[in-house]
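Engineer: Just protein21.csv, nothing more (CSV, C-alpha atoms and all ligand atoms):
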chain,number,residue,atom,x,y,z
A,1,MET,CA,-97.7,-8.9,68.0
A,2,LYS,CA,-99.3,-6.5,65.5
A,3,LYS,CA,-97.9,-6.3,62.0
A,4,ILE,CA,-97.8,-2.9,60.3
A,5,VAL,CA,-96.8,-2.5,56.6
A,6,ALA,CA,-95.5,0.9,55.6
A,7,VAL,CA,-95.2,1.7,51.9
A,8,ASN,CA,-93.3,4.6,50.5
A,9,CYS,CA,-94.7,5.4,47.0
A,10,SER,CA,-92.1,8.1,46.2
A,11,PRO,CA,-89.3,7.1,43.9
A,12,ARG,CA,-87.0,9.0,46.3
A,13,THR,CA,-86.2,6.8,49.3
A,14,ALA,CA,-84.8,9.4,51.7
A,15,TRP,CA,-86.8,12.5,51.1
A,16,ASN,CA,-90.1,13.9,52.4
A,17,THR,CA,-92.5,11.1,51.9
A,18,ALA,CA,-90.0,8.3,52.8
A,19,THR,CA,-89.1,10.2,56.0
A,20,LEU,CA,-92.7,10.5,57.1
A,21,VAL,CA,-93.6,6.9,56.2
A,22,ARG,CA,-90.6,5.7,58.2
A,23,GLU,CA,-91.4,8.0,61.1
A,24,ALA,CA,-94.9,6.6,61.3
A,25,ALA,CA,-93.5,3.1,61.1
A,26,LYS,CA,-91.1,3.9,63.9
A,27,GLY,CA,-94.1,5.1,66.0
A,28,ALA,CA,-95.8,1.8,65.5
A,29,GLU,CA,-92.6,-0.1,66.2
A,30,GLU,CA,-92.0,1.8,69.5
A,31,HIS,CA,-95.5,0.7,70.5
A,32,GLY,CA,-94.5,-3.0,70.0
A,33,ALA,CA,-95.5,-3.6,66.4
A,34,GLN,CA,-93.5,-5.6,63.9
A,35,ILE,CA,-93.0,-3.3,60.9
A,36,GLU,CA,-92.2,-3.9,57.3
A,37,VAL,CA,-91.1,-0.9,55.3
A,38,ILE,CA,-91.4,-1.1,51.5
A,39,ASP,CA,-90.0,1.3,49.0
A,40,LEU,CA,-92.3,0.8,46.0
A,41,TYR,CA,-89.8,1.9,43.4
A,42,LYS,CA,-87.2,-0.6,44.5
A,43,LEU,CA,-89.4,-3.6,43.8
A,44,GLU,CA,-89.4,-5.8,40.7
A,45,LYS,CA,-91.3,-4.5,37.8
A,46,PHE,CA,-95.0,-4.1,38.4
A,47,THR,CA,-98.1,-2.7,36.8
A,48,GLY,CA,-101.5,-1.5,37.8
A,49,CYS,CA,-104.6,-3.7,37.4
A,50,VAL,CA,-104.4,-5.5,34.0
A,51,SER,CA,-108.1,-6.3,34.0
A,52,CYS,CA,-107.7,-10.1,34.0
A,53,PHE,CA,-110.6,-10.5,36.4
A,54,GLY,CA,-108.8,-13.4,38.1
A,55,CYS,CA,-109.7,-11.8,41.5
A,56,LYS,CA,-113.4,-12.2,40.6
A,57,LEU,CA,-113.2,-16.0,40.0
A,58,PRO,CA,-114.7,-18.1,42.8
A,59,GLN,CA,-111.4,-19.7,43.7
A,60,ASN,CA,-109.6,-16.4,44.0
A,61,LEU,CA,-112.2,-14.0,45.4
A,62,GLY,CA,-110.6,-11.0,47.0
A,63,LYS,CA,-107.1,-11.9,45.8
A,64,CYS,CA,-105.1,-10.3,42.9
A,65,ILE,CA,-103.5,-13.2,41.0
A,66,CYS,CA,-101.0,-11.1,39.0
A,67,ARG,CA,-97.6,-12.3,40.2
A,68,ASP,CA,-95.3,-9.3,39.7
A,69,GLY,CA,-93.4,-7.0,42.0
A,70,LEU,CA,-96.6,-5.9,43.8
A,71,ALA,CA,-97.7,-9.4,44.7
A,72,PRO,CA,-95.6,-9.6,47.9
A,73,VAL,CA,-96.8,-6.2,48.9
A,74,LEU,CA,-100.5,-7.2,48.5
A,75,ASP,CA,-99.8,-10.4,50.4
A,76,ALA,CA,-98.1,-8.4,53.2
A,77,ILE,CA,-101.0,-6.0,53.4
A,78,ARG,CA,-103.5,-8.9,53.5
A,79,ASN,CA,-101.6,-10.3,56.6
A,80,ALA,CA,-101.1,-6.9,58.3
A,81,ASP,CA,-102.9,-5.2,61.2
A,82,GLY,CA,-102.3,-1.8,59.8
A,83,LEU,CA,-101.2,0.0,56.6
A,84,ILE,CA,-99.2,3.2,56.3
A,85,ILE,CA,-99.0,4.5,52.8
A,86,GLY,CA,-97.4,7.7,51.6
A,87,SER,CA,-97.0,9.4,48.3
A,88,PRO,CA,-95.9,12.7,47.0
A,89,ASN,CA,-98.4,14.7,44.9
A,90,TYR,CA,-97.5,14.3,41.2
A,91,LEU,CA,-99.5,16.5,38.9
A,92,GLY,CA,-102.5,16.9,41.2
A,93,ASP,CA,-102.7,13.2,42.1
A,94,MET,CA,-100.6,10.5,43.8
A,95,THR,CA,-97.7,8.9,42.0
A,96,ALA,CA,-98.1,6.3,39.3
A,97,GLY,CA,-96.7,3.7,41.7
A,98,PHE,CA,-99.3,4.6,44.4
A,99,ARG,CA,-102.0,4.3,41.7
A,100,ALA,CA,-100.8,0.9,40.6
A,101,LEU,CA,-100.9,-0.4,44.2
A,102,PHE,CA,-104.2,1.3,44.8
A,103,GLU,CA,-105.9,-0.2,41.7
A,104,ARG,CA,-104.7,-3.7,42.6
A,105,LEU,CA,-105.5,-3.4,46.4
A,106,ILE,CA,-108.9,-1.9,46.0
A,107,PHE,CA,-110.1,-3.8,42.9
A,108,GLN,CA,-109.3,-7.2,44.3
A,109,ALA,CA,-111.5,-6.4,47.3
A,110,LEU,CA,-114.4,-4.8,45.4
A,111,THR,CA,-117.3,-7.0,44.4
A,112,TYR,CA,-119.6,-6.7,41.5
A,113,LYS,CA,-122.4,-7.8,43.7
A,114,THR,CA,-125.5,-5.9,44.9
A,115,GLU,CA,-125.5,-7.8,48.2
A,116,PHE,CA,-122.2,-6.6,49.6
A,117,ARG,CA,-119.3,-4.4,48.4
A,118,SER,CA,-116.1,-5.9,49.8
A,119,HIS,CA,-114.5,-9.3,49.9
A,120,ASN,CA,-112.3,-8.3,52.8
A,121,GLU,CA,-113.2,-10.1,56.0
A,122,LYS,CA,-111.3,-7.7,58.2
A,123,GLN,CA,-110.7,-4.0,58.3
A,124,ILE,CA,-107.3,-2.6,59.3
A,125,PRO,CA,-106.4,1.0,60.2
A,126,VAL,CA,-104.9,3.0,57.3
A,127,LEU,CA,-102.7,6.1,57.5
A,128,MET,CA,-102.4,7.9,54.1
A,129,ILE,CA,-99.6,10.4,53.9
A,130,MET,CA,-99.3,13.0,51.1
A,131,THR,CA,-96.5,15.5,50.6
A,132,SER,CA,-96.7,18.3,48.1
A,133,ASN,CA,-95.0,21.4,46.9
A,134,ALA,CA,-98.2,23.3,47.1
A,135,SER,CA,-99.2,24.9,50.4
A,136,GLU,CA,-102.1,23.3,52.2
A,137,ASP,CA,-103.8,26.7,52.1
A,138,TYR,CA,-104.6,26.1,48.4
A,139,TYR,CA,-105.8,22.5,48.7
A,140,ALA,CA,-109.5,23.2,48.6
A,141,GLN,CA,-109.1,25.6,45.7
A,142,ILE,CA,-106.9,23.3,43.5
A,143,GLY,CA,-108.9,20.1,44.2
A,144,TYR,CA,-106.4,18.3,46.5
A,145,ASP,CA,-108.9,18.1,49.3
A,146,ALA,CA,-111.4,16.5,47.1
A,147,MET,CA,-108.8,14.1,45.6
A,148,LEU,CA,-107.7,13.0,49.1
A,149,GLN,CA,-111.3,12.5,50.2
A,150,ARG,CA,-111.9,10.2,47.2
A,151,TYR,CA,-108.9,8.0,48.2
A,152,GLN,CA,-110.0,8.1,51.8
A,153,GLY,CA,-113.5,6.9,50.9
A,154,SER,CA,-112.1,4.0,48.9
A,155,PHE,CA,-109.7,3.0,51.7
A,156,ASN,CA,-112.4,3.3,54.3
A,157,THR,CA,-114.7,1.0,52.4
A,158,PHE,CA,-112.2,-1.6,51.1
A,159,VAL,CA,-109.2,-1.6,53.5
A,160,GLY,CA,-110.2,0.1,56.8
A,161,PRO,CA,-110.7,3.4,58.6
A,162,THR,CA,-108.3,5.9,57.1
A,163,ARG,CA,-106.6,9.0,58.5
A,164,ILE,CA,-104.7,11.5,56.4
A,165,LEU,CA,-101.5,13.3,57.2
A,166,ILE,CA,-100.4,16.1,54.9
A,167,SER,CA,-97.0,17.7,54.7
A,168,SER,CA,-97.2,20.6,52.3
A,169,ASP,CA,-94.9,23.3,50.9
A,170,THR,CA,-92.0,20.8,51.1
A,171,LEU,CA,-88.4,21.2,50.2
A,172,GLN,CA,-88.1,19.7,46.8
A,173,VAL,CA,-84.3,19.9,46.2
A,174,LYS,CA,-81.3,20.7,48.4
A,175,ASP,CA,-80.0,23.4,46.2
A,176,TYR,CA,-82.5,25.5,44.3
A,177,SER,CA,-79.8,27.6,42.7
A,178,ARG,CA,-78.9,24.7,40.4
A,179,TYR,CA,-82.2,25.0,38.6
A,180,ASP,CA,-83.8,27.6,36.4
A,181,TRP,CA,-86.8,27.9,38.6
A,182,THR,CA,-88.4,31.2,39.4
A,183,MET,CA,-91.5,30.1,41.4
A,184,PHE,CA,-89.9,29.4,44.7
A,185,ASP,CA,-88.3,31.3,47.5
A,186,PRO,CA,-85.4,29.0,48.5
A,187,GLU,CA,-85.1,30.7,51.9
A,188,HIS,CA,-88.8,30.1,52.6
A,189,LYS,CA,-88.5,26.5,51.6
A,190,LYS,CA,-85.4,26.0,53.7
A,191,GLN,CA,-86.9,27.6,56.7
A,192,ARG,CA,-90.1,25.5,56.4
A,193,HIS,CA,-88.1,22.4,56.1
A,194,GLU,CA,-86.3,23.3,59.3
A,195,THR,CA,-89.3,24.4,61.3
A,196,VAL,CA,-92.5,22.8,59.9
A,197,PHE,CA,-91.2,19.5,58.5
A,198,PRO,CA,-89.9,18.3,62.0
A,199,GLU,CA,-93.4,19.0,63.3
A,200,ASP,CA,-94.9,16.8,60.5
A,201,GLN,CA,-92.4,14.1,61.5
A,202,LYS,CA,-93.7,14.3,65.1
A,203,LYS,CA,-97.3,14.0,63.8
A,204,ALA,CA,-96.3,10.9,61.7
A,205,LEU,CA,-94.6,9.3,64.7
A,206,ALA,CA,-97.6,9.9,66.9
A,207,LEU,CA,-100.0,8.6,64.3
A,208,GLY,CA,-97.9,5.5,63.9
A,209,THR,CA,-98.1,4.9,67.7
A,210,GLN,CA,-101.8,5.5,67.7
A,211,MET,CA,-102.4,3.1,64.9
A,212,VAL,CA,-101.2,0.3,67.2
A,213,ALA,CA,-102.4,1.7,70.5
A,214,GLY,CA,-105.8,2.9,69.2
A,215,PRO,CA,-108.4,4.2,69.2
A,216,TRP,CA,-108.4,4.7,65.4
A,217,LYS,CA,-111.2,6.1,63.3
A,218,SER,CA,-111.4,7.8,60.0
A,219,VAL,CA,-111.2,11.6,60.5
A,301,LIG,C1,-93.3,14.7,38.5
A,301,LIG,C2,-93.6,15.6,39.6
A,301,LIG,C3,-94.8,16.2,39.6
A,301,LIG,C4,-95.2,17.0,40.7
A,301,LIG,N1,-96.4,17.6,40.7
A,301,LIG,C5,-96.8,18.3,41.8
A,301,LIG,C6,-98.1,18.9,41.8
A,301,LIG,O1,-98.9,18.8,40.9
A,301,LIG,N2,-98.4,19.6,42.9
A,301,LIG,C7,-97.6,19.8,44.0
A,301,LIG,O2,-98.0,20.4,45.0
A,301,LIG,N3,-96.3,19.2,44.0
A,301,LIG,C8,-95.9,18.5,42.9
A,301,LIG,N4,-94.7,18.0,42.9
A,301,LIG,C9,-93.8,18.2,44.0
A,301,LIG,C10,-93.8,17.0,45.0
A,301,LIG,O3,-95.1,16.6,45.3
A,301,LIG,C11,-93.1,17.4,46.4
A,301,LIG,O4,-91.9,18.0,46.2
A,301,LIG,C12,-93.0,16.2,47.3
A,301,LIG,O5,-92.9,16.6,48.6
A,301,LIG,C13,-91.9,15.3,46.8
A,301,LIG,O6,-91.9,14.1,47.7
A,301,LIG,P1,-90.6,13.3,47.9
A,301,LIG,O7,-89.6,14.4,48.5
A,301,LIG,O8,-90.9,12.3,48.9
A,301,LIG,O9,-90.1,12.8,46.7
A,301,LIG,C14,-94.3,17.2,41.8
A,301,LIG,C15,-93.0,16.6,41.7
A,301,LIG,C16,-92.6,15.8,40.6
A,301,LIG,C17,-91.3,15.2,40.6
Output the structure of this file as structure tokens.
Ligand SMILES: Cc1cc2nc3c(=O)[nH]c(=O)nc-3n(C[C@H](O)[C@H](O)[C@H](O)COP(=O)(O)O)c2cc1C

Structural biologist:
Amino acid sequence: MKKIVAVNCSPRTAWNTATLVREAAKGAEEHGAQIEVIDLYKLEKFTGCVSCFGCKLPQNLGKCICRDGLAPVLDAIRNADGLIIGSPNYLGDMTAGFRALFERLIFQALTYKTEFRSHNEKQIPVLMIMTSNASEDYYAQIGYDAMLQRYQGSFNTFVGPTRILISSDTLQVKDYSRYDWTMFDPEHKKQRHETVFPEDQKKALALGTQMVAGPWKSV
């Protein structure tokens, strides 16, 4: 049975990102996979890479040795047949939690060798999900496409072939009238949440299934 690890890197555990991560995991489960869903912000305290270089010592090659809240997540990914990872866009990038996991996951695999780049023996399919307030129409202009491509490149090289699912122009809060915000049209946000977001959920479900059923290649 295939094992799929699904990581929600949003501090909110029932909102946009968490919903799509869970939907993708459900798609994988419906196709017979064993799934493990992890809410990153519920874990024990963790940090990004602390530059100990333990993972570059001959006895630990490819393995982060920092034993904090992320250690079981890295272990689960190491034993998984697929990774679903989702994050909201925070200030033009992924969340700090995503970054911490990304640093540890990628750096442990990366070699400082000219002969080969990665210590990972196997490649696994990766689905990277990002949700954002901004509309996808602006992604090229505001650098989000380039940012996503950079992450995709790193995942492709050090984890496995990576596909991206975007859910943009999301509903950020239930009741916009409570806040002194002038940028948004609450009606538009609500309508999008009711019409477009369910379509994004369907895409997540289908991609989760495809991760298990294949074929899967970086697009
Ligand atoms: C601290 C913070 C920073 C954010 N920065 C951006 C941003 O730069 N661009 C953007 O499009 N959305 C930004 N957002 C909005 C979120 O990306 C968006 O609402 C997302 O769908 C939230 O995901 P969640 O519902 O899973 O928490 C930000 C939200 C927060 C809380």

Engineer: Measuring between only C-alpha atoms and all ligand atoms, which one of A:Gly62, A:Gly86, A:Gly92, A:Gly54 shows the shortest distance to ligand LIG 301 (chain A)?

Structural biologist: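 Result for the nearest residue to ligand LIG 301 (chain A): A:Gly92.
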
Engineer: Find the spatial neighbours of segment 172-185 of chain A, counting only C-alpha atoms, within a cut-off of 9 Å - ignore same-chain residues fewer than 4 positions away - and output them as a PyMOL selection string.

Structural biologist: chain A and resi 15-16+132-133+189-190

Engineer: How would you write, as a PyMOL selection string, the set of residues no farther than 8 Å from ligand LIG 301 (chain A) when counting only C-alpha atoms and all ligand atoms?

Structural biologist: chain A and resi 10-19+87-93+130-135+167-173

Engineer: Can I get the selection written as a PDB file, keeping the file's coordinate frame, with C-alpha atoms?

Structural biologist:
ATOM      1  CA  SER A  10     -92.100   8.100  46.200  1.00  0.00           C
ATOM      2  CA  PRO A  11     -89.300   7.100  43.900  1.00  0.00           C
ATOM      3  CA  ARG A  12     -87.000   9.000  46.300  1.00  0.00           C
ATOM      4  CA  THR A  13     -86.200   6.800  49.300  1.00  0.00           C
ATOM      5  CA  ALA A  14     -84.800   9.400  51.700  1.00  0.00           C
ATOM      6  CA  TRP A  15     -86.800  12.500  51.100  1.00  0.00           C
ATOM      7  CA  ASN A  16     -90.100  13.900  52.400  1.00  0.00           C
ATOM      8  CA  THR A  17     -92.500  11.100  51.900  1.00  0.00           C
ATOM      9  CA  ALA A  18     -90.000   8.300  52.800  1.00  0.00           C
ATOM     10  CA  THR A  19     -89.100  10.200  56.000  1.00  0.00           C
ATOM     11  CA  SER A  87     -97.000   9.400  48.300  1.00  0.00           C
ATOM     12  CA  PRO A  88     -95.900  12.700  47.000  1.00  0.00           C
ATOM     13  CA  ASN A  89     -98.400  14.700  44.900  1.00  0.00           C
ATOM     14  CA  TYR A  90     -97.500  14.300  41.200  1.00  0.00           C
ATOM     15  CA  LEU A  91     -99.500  16.500  38.900  1.00  0.00           C
ATOM     16  CA  GLY A  92    -102.500  16.900  41.200  1.00  0.00           C
ATOM     17  CA  ASP A  93    -102.700  13.200  42.100  1.00  0.00           C
ATOM     18  CA  MET A 130     -99.300  13.000  51.100  1.00  0.00           C
ATOM     19  CA  THR A 131     -96.500  15.500  50.600  1.00  0.00           C
ATOM     20  CA  SER A 132     -96.700  18.300  48.100  1.00  0.00           C
ATOM     21  CA  ASN A 133     -95.000  21.400  46.900  1.00  0.00           C
ATOM     22  CA  ALA A 134     -98.200  23.300  47.100  1.00  0.00           C
ATOM     23  CA  SER A 135     -99.200  24.900  50.400  1.00  0.00           C
ATOM     24  CA  SER A 167     -97.000  17.700  54.700  1.00  0.00           C
ATOM     25  CA  SER A 168     -97.200  20.600  52.300  1.00  0.00           C
ATOM     26  CA  ASP A 169     -94.900  23.300  50.900  1.00  0.00           C
ATOM     27  CA  THR A 170     -92.000  20.800  51.100  1.00  0.00           C
ATOM     28  CA  LEU A 171     -88.400  21.200  50.200  1.00  0.00           C
ATOM     29  CA  GLN A 172     -88.100  19.700  46.800  1.00  0.00           C
ATOM     30  CA  VAL A 173     -84.300  19.900  46.200  1.00  0.00           C
TER      31      VAL A 173
END

Engineer: Using Å and a single decimal, report how far atom CA of Gln123 of chain A sits from atom CA of Cys66 of chain A.

Structural biologist: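 Calculated distance between atom CA of Cys66 of chain A and atom CA of Gln123 of chain A is 22.7 Å.
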
Engineer: Point out the residue among A:Lys3, A:Arg192, A:Lys113, A:Arg150 with the least atom-to-atom distance to Ala25 of chain A, counting all atoms listed in the file.

Structural biologist: A:Lys3

Engineer: Box for segment 185-204 of chain A - axis-aligned, 8 Å on each of the six sides, all listed atoms - centre and size in Å to one decimal, as lines of an AutoDock Vina configuration file.

Structural biologist:
center_x = -91.2
center_y = 21.1
center_z = 56.3
size_x = 28.2
size_y = 36.4
size_z = 33.6
